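Structure data follow from coords.pdb (PDB, C-alpha atoms):
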```pdb
MODEL        1
ATOM      1  CA  GLY S  30       7.693 -45.431 -92.981  1.00  0.00           C
ATOM      2  CA  ASP S  31       6.036 -47.973 -90.726  1.00  0.00           C
ATOM      3  CA  SER S  32       6.150 -47.084 -87.037  1.00  0.00           C
ATOM      4  CA  VAL S  33       4.432 -47.326 -83.676  1.00  0.00           C
ATOM      5  CA  THR S  34       3.883 -44.534 -81.143  1.00  0.00           C
ATOM      6  CA  GLN S  35       2.771 -45.226 -77.605  1.00  0.00           C
ATOM      7  CA  MET S  36       2.105 -43.021 -74.624  1.00  0.00           C
ATOM      8  CA  GLU S  37       5.010 -42.192 -72.394  1.00  0.00           C
ATOM      9  CA  GLY S  38       5.121 -43.429 -68.874  1.00  0.00           C
ATOM     10  CA  PRO S  39       5.391 -44.162 -66.186  1.00  0.00           C
ATOM     11  CA  VAL S  40       1.739 -44.775 -65.478  1.00  0.00           C
ATOM     12  CA  THR S  41       0.956 -45.159 -61.786  1.00  0.00           C
ATOM     13  CA  LEU S  42      -2.383 -46.615 -60.699  1.00  0.00           C
ATOM     14  CA  SER S  43      -3.928 -47.999 -57.569  1.00  0.00           C
ATOM     15  CA  GLU S  44      -4.975 -51.633 -57.488  1.00  0.00           C
ATOM     16  CA  GLU S  45      -8.360 -52.265 -59.158  1.00  0.00           C
ATOM     17  CA  ALA S  46      -8.154 -49.067 -61.215  1.00  0.00           C
ATOM     18  CA  PHE S  47      -8.936 -49.008 -64.941  1.00  0.00           C
ATOM     19  CA  LEU S  48      -5.959 -49.048 -67.296  1.00  0.00           C
ATOM     20  CA  THR S  49      -5.565 -47.563 -70.753  1.00  0.00           C
ATOM     21  CA  ILE S  50      -2.249 -47.399 -72.592  1.00  0.00           C
ATOM     22  CA  ASN S  51      -2.511 -45.637 -75.925  1.00  0.00           C
ATOM     23  CA  CYS S  52      -0.864 -46.920 -79.080  1.00  0.00           C
ATOM     24  CA  THR S  53      -1.130 -45.539 -82.589  1.00  0.00           C
ATOM     25  CA  TYR S  54       0.553 -46.793 -85.726  1.00  0.00           C
ATOM     26  CA  THR S  55       1.621 -45.684 -89.168  1.00  0.00           C
ATOM     27  CA  ALA S  56       1.729 -48.274 -91.914  1.00  0.00           C
ATOM     28  CA  THR S  57       1.167 -48.366 -95.643  1.00  0.00           C
ATOM     29  CA  GLY S  58      -1.166 -51.302 -95.750  1.00  0.00           C
ATOM     30  CA  TYR S  59      -2.652 -53.606 -93.163  1.00  0.00           C
ATOM     31  CA  PRO S  60      -0.228 -54.556 -90.441  1.00  0.00           C
ATOM     32  CA  SER S  61      -0.718 -57.020 -87.628  1.00  0.00           C
ATOM     33  CA  LEU S  62      -0.618 -55.449 -84.175  1.00  0.00           C
ATOM     34  CA  PHE S  63       0.742 -56.790 -80.907  1.00  0.00           C
ATOM     35  CA  TRP S  64       1.155 -55.983 -77.247  1.00  0.00           C
ATOM     36  CA  TYR S  65       4.164 -57.417 -75.450  1.00  0.00           C
ATOM     37  CA  VAL S  66       4.853 -57.301 -71.722  1.00  0.00           C
ATOM     38  CA  GLN S  67       8.212 -57.312 -69.988  1.00  0.00           C
ATOM     39  CA  TYR S  68       8.261 -58.004 -66.255  1.00  0.00           C
ATOM     40  CA  PRO S  69      11.256 -56.789 -64.240  1.00  0.00           C
ATOM     41  CA  GLY S  70      14.339 -58.789 -65.112  1.00  0.00           C
ATOM     42  CA  GLU S  71      12.544 -60.957 -67.644  1.00  0.00           C
ATOM     43  CA  GLY S  72      12.248 -61.254 -71.403  1.00  0.00           C
ATOM     44  CA  LEU S  73       9.502 -60.147 -73.761  1.00  0.00           C
ATOM     45  CA  GLN S  74       6.232 -62.049 -73.610  1.00  0.00           C
ATOM     46  CA  LEU S  75       3.446 -61.800 -76.138  1.00  0.00           C
ATOM     47  CA  LEU S  76       0.348 -60.509 -74.351  1.00  0.00           C
ATOM     48  CA  LEU S  77      -2.137 -60.319 -77.205  1.00  0.00           C
ATOM     49  CA  LYS S  78      -2.421 -59.679 -80.913  1.00  0.00           C
ATOM     50  CA  ALA S  79      -4.845 -58.724 -83.689  1.00  0.00           C
ATOM     51  CA  THR S  80      -4.293 -59.406 -87.361  1.00  0.00           C
ATOM     52  CA  LYS S  81      -7.043 -57.403 -89.083  1.00  0.00           C
ATOM     53  CA  ALA S  82      -9.260 -54.398 -88.585  1.00  0.00           C
ATOM     54  CA  ASP S  83     -11.906 -54.675 -85.844  1.00  0.00           C
ATOM     55  CA  ASP S  84     -10.248 -57.757 -84.365  1.00  0.00           C
ATOM     56  CA  LYS S  85     -10.048 -57.743 -80.582  1.00  0.00           C
ATOM     57  CA  GLY S  86      -7.109 -59.409 -78.892  1.00  0.00           C
ATOM     58  CA  SER S  87      -7.487 -60.468 -75.275  1.00  0.00           C
ATOM     59  CA  ASN S  88      -5.484 -62.274 -72.621  1.00  0.00           C
ATOM     60  CA  LYS S  89      -5.259 -62.222 -68.803  1.00  0.00           C
ATOM     61  CA  GLY S  90      -7.985 -59.586 -68.581  1.00  0.00           C
ATOM     62  CA  PHE S  91      -6.249 -57.267 -71.043  1.00  0.00           C
ATOM     63  CA  GLU S  92      -7.930 -56.254 -74.299  1.00  0.00           C
ATOM     64  CA  ALA S  93      -7.064 -54.232 -77.372  1.00  0.00           C
ATOM     65  CA  THR S  94      -9.099 -53.568 -80.518  1.00  0.00           C
ATOM     66  CA  TYR S  95      -7.534 -52.974 -83.936  1.00  0.00           C
ATOM     67  CA  ARG S  96      -9.092 -49.670 -85.088  1.00  0.00           C
ATOM     68  CA  LYS S  97      -8.245 -48.958 -88.693  1.00  0.00           C
ATOM     69  CA  GLU S  98     -10.158 -45.664 -88.792  1.00  0.00           C
ATOM     70  CA  THR S  99      -8.100 -44.186 -85.967  1.00  0.00           C
ATOM     71  CA  THR S 100      -4.958 -46.297 -86.607  1.00  0.00           C
ATOM     72  CA  SER S 101      -4.958 -47.292 -82.968  1.00  0.00           C
ATOM     73  CA  PHE S 102      -4.546 -50.383 -80.795  1.00  0.00           C
ATOM     74  CA  HIS S 103      -5.046 -49.146 -77.232  1.00  0.00           C
ATOM     75  CA  LEU S 104      -4.461 -51.586 -74.376  1.00  0.00           C
ATOM     76  CA  GLU S 105      -7.118 -51.738 -71.658  1.00  0.00           C
ATOM     77  CA  LYS S 106      -7.778 -53.631 -68.448  1.00  0.00           C
ATOM     78  CA  GLY S 107     -10.764 -53.128 -66.201  1.00  0.00           C
ATOM     79  CA  SER S 108      -9.070 -53.796 -62.868  1.00  0.00           C
ATOM     80  CA  VAL S 109      -5.295 -53.859 -62.547  1.00  0.00           C
ATOM     81  CA  GLN S 110      -3.367 -55.824 -59.960  1.00  0.00           C
ATOM     82  CA  VAL S 111       0.018 -55.214 -58.384  1.00  0.00           C
ATOM     83  CA  SER S 112       1.289 -58.173 -60.401  1.00  0.00           C
ATOM     84  CA  ASP S 113       0.551 -56.259 -63.622  1.00  0.00           C
ATOM     85  CA  SER S 114       3.420 -53.883 -62.884  1.00  0.00           C
ATOM     86  CA  ALA S 115       5.680 -54.177 -65.925  1.00  0.00           C
ATOM     87  CA  VAL S 116       6.684 -52.440 -69.132  1.00  0.00           C
ATOM     88  CA  TYR S 117       4.217 -52.778 -72.013  1.00  0.00           C
ATOM     89  CA  PHE S 118       5.308 -52.539 -75.651  1.00  0.00           C
ATOM     90  CA  CYS S 119       3.066 -52.012 -78.634  1.00  0.00           C
ATOM     91  CA  ALA S 120       4.393 -53.522 -81.865  1.00  0.00           C
ATOM     92  CA  LEU S 121       3.447 -54.033 -85.474  1.00  0.00           C
ATOM     93  CA  SER S 122       4.454 -56.399 -88.201  1.00  0.00           C
ATOM     94  CA  VAL S 123       4.259 -55.742 -91.917  1.00  0.00           C
ATOM     95  CA  ILE S 124       4.367 -59.038 -93.690  1.00  0.00           C
ATOM     96  CA  TYR S 125       4.018 -57.429 -97.112  1.00  0.00           C
ATOM     97  CA  ASN S 126       7.185 -55.411 -96.397  1.00  0.00           C
ATOM     98  CA  PHE S 127       9.687 -58.226 -95.917  1.00  0.00           C
ATOM     99  CA  ASN S 128       8.096 -59.203 -92.630  1.00  0.00           C
ATOM    100  CA  LYS S 129       9.358 -56.150 -90.763  1.00  0.00           C
ATOM    101  CA  PHE S 130       8.629 -55.993 -87.027  1.00  0.00           C
ATOM    102  CA  TYR S 131       8.725 -52.721 -85.084  1.00  0.00           C
ATOM    103  CA  PHE S 132       8.335 -51.886 -81.384  1.00  0.00           C
ATOM    104  CA  GLY S 133       7.141 -48.775 -79.625  1.00  0.00           C
ATOM    105  CA  SER S 134       9.232 -47.204 -76.898  1.00  0.00           C
ATOM    106  CA  GLY S 135       7.380 -48.913 -74.064  1.00  0.00           C
ATOM    107  CA  THR S 136       5.152 -47.716 -71.226  1.00  0.00           C
ATOM    108  CA  LYS S 137       6.028 -48.566 -67.659  1.00  0.00           C
ATOM    109  CA  LEU S 138       3.073 -49.406 -65.437  1.00  0.00           C
ATOM    110  CA  ASN S 139       3.333 -49.211 -61.659  1.00  0.00           C
ATOM    111  CA  VAL S 140       0.392 -50.546 -59.674  1.00  0.00           C
ATOM    112  CA  LYS S 141       0.251 -49.658 -55.985  1.00  0.00           C
ATOM    113  CA  PRO S 142      -1.603 -51.741 -53.401  1.00  0.00           C
TER
ATOM    114  CA  GLU A   2       8.559 -76.860 -80.231  1.00  0.00           C
ATOM    115  CA  ALA A   3      11.958 -75.580 -79.126  1.00  0.00           C
ATOM    116  CA  GLY A   4      12.254 -71.831 -78.774  1.00  0.00           C
ATOM    117  CA  VAL A   5      14.838 -69.402 -80.070  1.00  0.00           C
ATOM    118  CA  ALA A   6      18.143 -70.211 -78.383  1.00  0.00           C
ATOM    119  CA  GLN A   7      20.659 -67.516 -77.541  1.00  0.00           C
ATOM    120  CA  SER A   8      24.041 -67.640 -75.860  1.00  0.00           C
ATOM    121  CA  PRO A   9      25.624 -66.519 -73.725  1.00  0.00           C
ATOM    122  CA  ARG A  10      22.984 -65.196 -71.301  1.00  0.00           C
ATOM    123  CA  TYR A  11      25.338 -62.675 -69.760  1.00  0.00           C
ATOM    124  CA  LYS A  12      28.624 -61.125 -70.812  1.00  0.00           C
ATOM    125  CA  ILE A  13      30.827 -58.520 -69.180  1.00  0.00           C
ATOM    126  CA  ILE A  14      33.692 -57.060 -71.197  1.00  0.00           C
ATOM    127  CA  GLU A  15      35.941 -54.039 -71.076  1.00  0.00           C
ATOM    128  CA  LYS A  16      35.565 -51.262 -73.619  1.00  0.00           C
ATOM    129  CA  ARG A  17      37.510 -51.810 -76.820  1.00  0.00           C
ATOM    130  CA  GLN A  18      37.253 -55.576 -76.458  1.00  0.00           C
ATOM    131  CA  SER A  19      35.300 -57.698 -78.902  1.00  0.00           C
ATOM    132  CA  VAL A  20      32.299 -59.924 -78.222  1.00  0.00           C
ATOM    133  CA  ALA A  21      30.082 -62.303 -80.169  1.00  0.00           C
ATOM    134  CA  PHE A  22      26.538 -63.495 -79.608  1.00  0.00           C
ATOM    135  CA  TRP A  23      24.955 -66.574 -81.087  1.00  0.00           C
ATOM    136  CA  CYS A  24      21.363 -67.293 -82.049  1.00  0.00           C
ATOM    137  CA  ASN A  25      19.686 -70.492 -83.187  1.00  0.00           C
ATOM    138  CA  PRO A  26      16.189 -69.760 -84.511  1.00  0.00           C
ATOM    139  CA  ILE A  27      13.210 -72.052 -84.598  1.00  0.00           C
ATOM    140  CA  SER A  28      13.594 -74.700 -87.264  1.00  0.00           C
ATOM    141  CA  GLY A  29      12.047 -73.600 -90.541  1.00  0.00           C
ATOM    142  CA  HIS A  30      11.856 -69.908 -89.689  1.00  0.00           C
ATOM    143  CA  ALA A  31      13.246 -68.043 -92.685  1.00  0.00           C
ATOM    144  CA  THR A  32      13.335 -64.600 -91.068  1.00  0.00           C
ATOM    145  CA  LEU A  33      15.779 -63.787 -88.271  1.00  0.00           C
ATOM    146  CA  TYR A  34      16.042 -60.497 -86.399  1.00  0.00           C
ATOM    147  CA  TRP A  35      18.607 -58.989 -84.043  1.00  0.00           C
ATOM    148  CA  TYR A  36      17.423 -56.231 -81.692  1.00  0.00           C
ATOM    149  CA  GLN A  37      19.248 -54.035 -79.211  1.00  0.00           C
ATOM    150  CA  GLN A  38      17.318 -53.091 -76.080  1.00  0.00           C
ATOM    151  CA  ILE A  39      18.958 -50.422 -73.967  1.00  0.00           C
ATOM    152  CA  LEU A  40      17.647 -50.191 -70.410  1.00  0.00           C
ATOM    153  CA  GLY A  41      14.410 -48.203 -70.323  1.00  0.00           C
ATOM    154  CA  GLN A  42      13.899 -48.247 -74.092  1.00  0.00           C
ATOM    155  CA  GLY A  43      12.071 -50.363 -76.642  1.00  0.00           C
ATOM    156  CA  PRO A  44      13.908 -52.943 -78.744  1.00  0.00           C
ATOM    157  CA  LYS A  45      15.621 -51.398 -81.757  1.00  0.00           C
ATOM    158  CA  LEU A  46      16.033 -53.504 -84.877  1.00  0.00           C
ATOM    159  CA  LEU A  47      19.712 -53.851 -85.768  1.00  0.00           C
ATOM    160  CA  ILE A  48      19.532 -56.304 -88.650  1.00  0.00           C
ATOM    161  CA  GLN A  49      17.030 -58.583 -90.319  1.00  0.00           C
ATOM    162  CA  PHE A  50      17.844 -61.658 -92.421  1.00  0.00           C
ATOM    163  CA  GLN A  51      15.623 -63.493 -94.853  1.00  0.00           C
ATOM    164  CA  ASN A  52      17.251 -66.915 -95.135  1.00  0.00           C
ATOM    165  CA  ASN A  53      20.932 -65.934 -95.432  1.00  0.00           C
ATOM    166  CA  GLY A  54      20.369 -62.569 -97.113  1.00  0.00           C
ATOM    167  CA  VAL A  55      20.158 -59.201 -95.368  1.00  0.00           C
ATOM    168  CA  VAL A  56      16.767 -57.460 -95.663  1.00  0.00           C
ATOM    169  CA  ASP A  57      17.451 -54.453 -93.442  1.00  0.00           C
ATOM    170  CA  ASP A  58      20.605 -53.325 -91.668  1.00  0.00           C
ATOM    171  CA  SER A  59      19.934 -49.606 -91.761  1.00  0.00           C
ATOM    172  CA  GLN A  60      20.347 -49.192 -87.988  1.00  0.00           C
ATOM    173  CA  LEU A  61      23.388 -51.409 -87.588  1.00  0.00           C
ATOM    174  CA  PRO A  62      26.521 -49.397 -86.650  1.00  0.00           C
ATOM    175  CA  LYS A  63      28.593 -51.004 -89.347  1.00  0.00           C
ATOM    176  CA  ASP A  64      31.878 -49.537 -88.187  1.00  0.00           C
ATOM    177  CA  ARG A  65      31.784 -51.818 -85.141  1.00  0.00           C
ATOM    178  CA  PHE A  66      28.890 -54.263 -85.516  1.00  0.00           C
ATOM    179  CA  SER A  67      28.701 -57.170 -87.923  1.00  0.00           C
ATOM    180  CA  ALA A  68      26.338 -60.081 -88.329  1.00  0.00           C
ATOM    181  CA  GLU A  69      26.100 -63.150 -90.460  1.00  0.00           C
ATOM    182  CA  ARG A  70      23.701 -65.983 -91.013  1.00  0.00           C
ATOM    183  CA  LEU A  71      25.507 -68.752 -92.752  1.00  0.00           C
ATOM    184  CA  LYS A  72      23.380 -71.405 -94.463  1.00  0.00           C
ATOM    185  CA  GLY A  73      20.256 -69.501 -93.479  1.00  0.00           C
ATOM    186  CA  VAL A  74      20.059 -71.046 -90.008  1.00  0.00           C
ATOM    187  CA  ASP A  75      22.232 -69.922 -87.056  1.00  0.00           C
ATOM    188  CA  SER A  76      23.358 -66.343 -86.754  1.00  0.00           C
ATOM    189  CA  THR A  77      26.200 -64.531 -85.033  1.00  0.00           C
ATOM    190  CA  LEU A  78      26.291 -60.866 -84.035  1.00  0.00           C
ATOM    191  CA  LYS A  79      29.711 -59.362 -83.310  1.00  0.00           C
ATOM    192  CA  ILE A  80      30.828 -56.098 -81.767  1.00  0.00           C
ATOM    193  CA  GLN A  81      34.411 -54.955 -82.275  1.00  0.00           C
ATOM    194  CA  PRO A  82      35.510 -52.806 -80.546  1.00  0.00           C
ATOM    195  CA  ALA A  83      32.845 -52.408 -77.871  1.00  0.00           C
ATOM    196  CA  LYS A  84      31.907 -49.045 -76.378  1.00  0.00           C
ATOM    197  CA  LEU A  85      30.253 -48.250 -73.055  1.00  0.00           C
ATOM    198  CA  GLU A  86      27.033 -47.308 -74.859  1.00  0.00           C
ATOM    199  CA  ASP A  87      26.762 -50.833 -76.282  1.00  0.00           C
ATOM    200  CA  SER A  88      25.648 -52.060 -72.847  1.00  0.00           C
ATOM    201  CA  ALA A  89      22.216 -53.517 -73.541  1.00  0.00           C
ATOM    202  CA  VAL A  90      20.239 -56.700 -73.989  1.00  0.00           C
ATOM    203  CA  TYR A  91      20.641 -58.202 -77.454  1.00  0.00           C
ATOM    204  CA  LEU A  92      17.536 -60.051 -78.528  1.00  0.00           C
ATOM    205  CA  CYS A  93      17.221 -62.531 -81.336  1.00  0.00           C
ATOM    206  CA  ALA A  94      13.858 -63.384 -82.872  1.00  0.00           C
ATOM    207  CA  SER A  95      12.670 -65.521 -85.731  1.00  0.00           C
ATOM    208  CA  SER A  96       9.541 -65.694 -87.820  1.00  0.00           C
ATOM    209  CA  PHE A  97       7.810 -68.033 -90.195  1.00  0.00           C
ATOM    210  CA  GLY A  98       6.214 -65.090 -91.985  1.00  0.00           C
ATOM    211  CA  THR A  99       2.758 -65.166 -90.432  1.00  0.00           C
ATOM    212  CA  PRO A 100       1.285 -62.964 -87.676  1.00  0.00           C
ATOM    213  CA  ASP A 101       1.395 -65.906 -85.299  1.00  0.00           C
ATOM    214  CA  GLY A 102       4.955 -66.794 -86.022  1.00  0.00           C
ATOM    215  CA  TYR A 103       7.179 -64.378 -84.106  1.00  0.00           C
ATOM    216  CA  THR A 104       9.282 -65.892 -81.342  1.00  0.00           C
ATOM    217  CA  PHE A 105      11.867 -64.124 -79.210  1.00  0.00           C
ATOM    218  CA  GLY A 106      14.858 -65.552 -77.431  1.00  0.00           C
ATOM    219  CA  SER A 107      15.702 -64.735 -73.824  1.00  0.00           C
ATOM    220  CA  GLY A 108      18.445 -62.332 -74.889  1.00  0.00           C
ATOM    221  CA  THR A 109      22.078 -61.733 -74.020  1.00  0.00           C
ATOM    222  CA  ARG A 110      22.750 -59.044 -71.440  1.00  0.00           C
ATOM    223  CA  LEU A 111      25.991 -57.241 -72.325  1.00  0.00           C
ATOM    224  CA  THR A 112      27.746 -54.968 -69.866  1.00  0.00           C
ATOM    225  CA  VAL A 113      30.681 -52.951 -71.134  1.00  0.00           C
ATOM    226  CA  VAL A 114      32.897 -51.521 -68.378  1.00  0.00           C
TER
ENDMDL
END
```
Final structure tokens representation of the file:
Amino acid sequence: GDSVTQMEGPVTLSEEAFLTINCTYTATGYPSLFWYVQYPGEGLQLLLKATKADDKGSNKGFEATYRKETTSFHLEKGSVQVSDSAVYFCALSVIYNFNKFYFGSGTKLNVKP
Amino acid sequence: EAGVAQSPRYKIIEKRQSVAFWCNPISGHATLYWYQQILGQGPKLLIQFQNNGVVDDSQLPKDRFSAERLKGVDSTLKIQPAKLEDSAVYLCASSFGTPDGYTFGSGTRLTVV
């Protein structure tokens, strides 16, 4: 069935380091892909999305490219800040399959000054 | 545009008691989702409605959880009787059926003691 797998955390980085959080998906068809962020004590916020192959989503310095050939949607940021410390969730939607929406298990990012 | 409204924001109950959560989706959104997010985990889909019909309730513990969406608008999720392991944030989301159209509520944090 349709699913999302993301790297386990926590990921601990120093400020200004490069960030990659891996996400791969399984879907029969062409899903839309999302990254959500959840700051401590807060709700889910949409970070970025991509709706078709080779699309690049970007927001707040974060980027992710929809790679159909590797079924991946890895999240990257060139220089992380302490304020980026949060839990990041990869997700996919399958509109052709009754509009299902699935989340990965989440990756906690800790950024140290 | 008003967001997805959920109430209450917080609820503390004793085990074996019952509890109900309410969700009002964005006007015109046909699809409504209920998720359970246990601390440290990703949101797990409990039930999905399309208008007032159930699309997927495969992960809903039907011996204690129930949900309804009368008239295809508001929805109520009930737990009876509650167990300690039901302590979680219960998220409601709605969708218009396009990749841009997913909106999440702020959630209800349930603590079962």
*Can you tell me how far atom CA of A:Gly73 sits from atom CA of A:Gln37, in Å to one decimal?*
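The value is 21.1 Å.
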Using all atoms of stretch 105-110 of chain A that appear in the file, construct an axis-aligned enclosing box with 5 Å of padding on every side and provide its centre coordinates and edge lengths in Å, rounded to one decimal, as JSON.
```
{"center_x": 17.3, "center_y": -62.3, "center_z": -75.3, "size_x": 20.9, "size_y": 16.5, "size_z": 17.8}
```
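Here is the contact set of chain A against chain S, at 6 Å and counting all atoms listed in the file: A:Gln42, A:Gly43, A:Ser107.
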List the neighbours of S:Lys106 out to 7 Å using all atoms listed in the file; skip same-chain residues closer than 2 positions along the sequence, and give me the result as a PDB file with C-alpha atoms, in the coordinates of the input.
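Just written: result_17.pdb:
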```
ATOM      1  CA  PHE S  47      -8.936 -49.008 -64.941  1.00  0.00           C
ATOM      2  CA  LEU S  48      -5.959 -49.048 -67.296  1.00  0.00           C
ATOM      3  CA  THR S  49      -5.565 -47.563 -70.753  1.00  0.00           C
ATOM      4  CA  GLY S  90      -7.985 -59.586 -68.581  1.00  0.00           C
ATOM      5  CA  PHE S  91      -6.249 -57.267 -71.043  1.00  0.00           C
ATOM      6  CA  GLU S  92      -7.930 -56.254 -74.299  1.00  0.00           C
ATOM      7  CA  SER S 108      -9.070 -53.796 -62.868  1.00  0.00           C
ATOM      8  CA  VAL S 109      -5.295 -53.859 -62.547  1.00  0.00           C
TER       9      VAL S 109
END
```
_Matched chain/residue IDs from the PyMOL selection byres ((chain S and resi 51-56) around 6), as a ChimeraX atom specification_ = /S:31-36,50,57-58,100-103
*Written as a PyMOL selection string, which residues does the PyMOL selection byres ((chain A and resi 8-18) around 8) give for the file shown?*
chain A and resi 6-7+19-20+22-24+81-85+107-114
Write out all heavy atoms for stretch 116-124 of chain S, as a PDB file, in the coordinates of the input.
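Written out: result-v1.pdb:
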```pdb
ATOM      1  N   VAL S 116       6.601 -53.347 -67.980  1.00  0.00           N
ATOM      2  CA  VAL S 116       6.684 -52.440 -69.132  1.00  0.00           C
ATOM      3  C   VAL S 116       5.919 -53.078 -70.286  1.00  0.00           C
ATOM      4  O   VAL S 116       6.104 -54.266 -70.582  1.00  0.00           O
ATOM      5  CB  VAL S 116       8.135 -52.163 -69.549  1.00  0.00           C
ATOM      6  CG1 VAL S 116       8.173 -51.199 -70.741  1.00  0.00           C
ATOM      7  CG2 VAL S 116       8.931 -51.588 -68.385  1.00  0.00           C
ATOM      8  N   TYR S 117       5.070 -52.292 -70.927  1.00  0.00           N
ATOM      9  CA  TYR S 117       4.217 -52.778 -72.013  1.00  0.00           C
ATOM     10  C   TYR S 117       4.670 -52.139 -73.331  1.00  0.00           C
ATOM     11  O   TYR S 117       4.846 -50.922 -73.416  1.00  0.00           O
ATOM     12  CB  TYR S 117       2.758 -52.462 -71.719  1.00  0.00           C
ATOM     13  CG  TYR S 117       2.237 -53.247 -70.532  1.00  0.00           C
ATOM     14  CD1 TYR S 117       2.483 -52.808 -69.230  1.00  0.00           C
ATOM     15  CD2 TYR S 117       1.553 -54.443 -70.701  1.00  0.00           C
ATOM     16  CE1 TYR S 117       2.057 -53.545 -68.134  1.00  0.00           C
ATOM     17  CE2 TYR S 117       1.117 -55.182 -69.619  1.00  0.00           C
ATOM     18  CZ  TYR S 117       1.387 -54.725 -68.334  1.00  0.00           C
ATOM     19  OH  TYR S 117       0.959 -55.462 -67.242  1.00  0.00           O
ATOM     20  N   PHE S 118       4.849 -52.996 -74.336  1.00  0.00           N
ATOM     21  CA  PHE S 118       5.308 -52.539 -75.651  1.00  0.00           C
ATOM     22  C   PHE S 118       4.248 -52.835 -76.698  1.00  0.00           C
ATOM     23  O   PHE S 118       3.783 -53.980 -76.818  1.00  0.00           O
ATOM     24  CB  PHE S 118       6.598 -53.257 -76.071  1.00  0.00           C
ATOM     25  CG  PHE S 118       7.778 -52.954 -75.212  1.00  0.00           C
ATOM     26  CD1 PHE S 118       8.112 -53.782 -74.146  1.00  0.00           C
ATOM     27  CD2 PHE S 118       8.562 -51.841 -75.457  1.00  0.00           C
ATOM     28  CE1 PHE S 118       9.218 -53.507 -73.357  1.00  0.00           C
ATOM     29  CE2 PHE S 118       9.669 -51.565 -74.667  1.00  0.00           C
ATOM     30  CZ  PHE S 118       9.995 -52.389 -73.612  1.00  0.00           C
ATOM     31  N   CYS S 119       3.906 -51.825 -77.459  1.00  0.00           N
ATOM     32  CA  CYS S 119       3.066 -52.012 -78.634  1.00  0.00           C
ATOM     33  C   CYS S 119       3.990 -52.315 -79.818  1.00  0.00           C
ATOM     34  O   CYS S 119       5.117 -51.791 -79.889  1.00  0.00           O
ATOM     35  CB  CYS S 119       2.265 -50.732 -78.889  1.00  0.00           C
ATOM     36  SG  CYS S 119       1.016 -50.838 -80.174  1.00  0.00           S
ATOM     37  N   ALA S 120       3.540 -53.150 -80.735  1.00  0.00           N
ATOM     38  CA  ALA S 120       4.393 -53.522 -81.865  1.00  0.00           C
ATOM     39  C   ALA S 120       3.540 -53.803 -83.087  1.00  0.00           C
ATOM     40  O   ALA S 120       2.349 -54.108 -82.968  1.00  0.00           O
ATOM     41  CB  ALA S 120       5.238 -54.744 -81.523  1.00  0.00           C
ATOM     42  N   LEU S 121       4.153 -53.684 -84.248  1.00  0.00           N
ATOM     43  CA  LEU S 121       3.447 -54.033 -85.474  1.00  0.00           C
ATOM     44  C   LEU S 121       4.357 -54.819 -86.402  1.00  0.00           C
ATOM     45  O   LEU S 121       5.571 -54.663 -86.389  1.00  0.00           O
ATOM     46  CB  LEU S 121       2.898 -52.793 -86.185  1.00  0.00           C
ATOM     47  CG  LEU S 121       3.834 -51.771 -86.839  1.00  0.00           C
ATOM     48  CD1 LEU S 121       4.250 -52.211 -88.235  1.00  0.00           C
ATOM     49  CD2 LEU S 121       3.126 -50.437 -86.966  1.00  0.00           C
ATOM     50  N   SER S 122       3.720 -55.660 -87.179  1.00  0.00           N
ATOM     51  CA  SER S 122       4.454 -56.399 -88.201  1.00  0.00           C
ATOM     52  C   SER S 122       3.843 -56.100 -89.556  1.00  0.00           C
ATOM     53  O   SER S 122       2.635 -55.876 -89.662  1.00  0.00           O
ATOM     54  CB  SER S 122       4.414 -57.906 -87.928  1.00  0.00           C
ATOM     55  OG  SER S 122       3.150 -58.431 -88.239  1.00  0.00           O
ATOM     56  N   VAL S 123       4.694 -56.059 -90.558  1.00  0.00           N
ATOM     57  CA  VAL S 123       4.259 -55.742 -91.917  1.00  0.00           C
ATOM     58  C   VAL S 123       4.757 -56.843 -92.833  1.00  0.00           C
ATOM     59  O   VAL S 123       5.827 -56.745 -93.414  1.00  0.00           O
ATOM     60  CB  VAL S 123       4.745 -54.351 -92.351  1.00  0.00           C
ATOM     61  CG1 VAL S 123       3.845 -53.289 -91.792  1.00  0.00           C
ATOM     62  CG2 VAL S 123       6.164 -54.080 -91.903  1.00  0.00           C
ATOM     63  N   ILE S 124       3.944 -57.860 -92.939  1.00  0.00           N
ATOM     64  CA  ILE S 124       4.367 -59.038 -93.690  1.00  0.00           C
ATOM     65  C   ILE S 124       4.628 -58.706 -95.149  1.00  0.00           C
ATOM     66  O   ILE S 124       5.554 -59.231 -95.765  1.00  0.00           O
ATOM     67  CB  ILE S 124       3.320 -60.146 -93.541  1.00  0.00           C
ATOM     68  CG1 ILE S 124       3.345 -60.678 -92.103  1.00  0.00           C
ATOM     69  CG2 ILE S 124       3.558 -61.275 -94.536  1.00  0.00           C
ATOM     70  CD1 ILE S 124       2.310 -61.724 -91.806  1.00  0.00           C
TER      71      ILE S 124
END
```
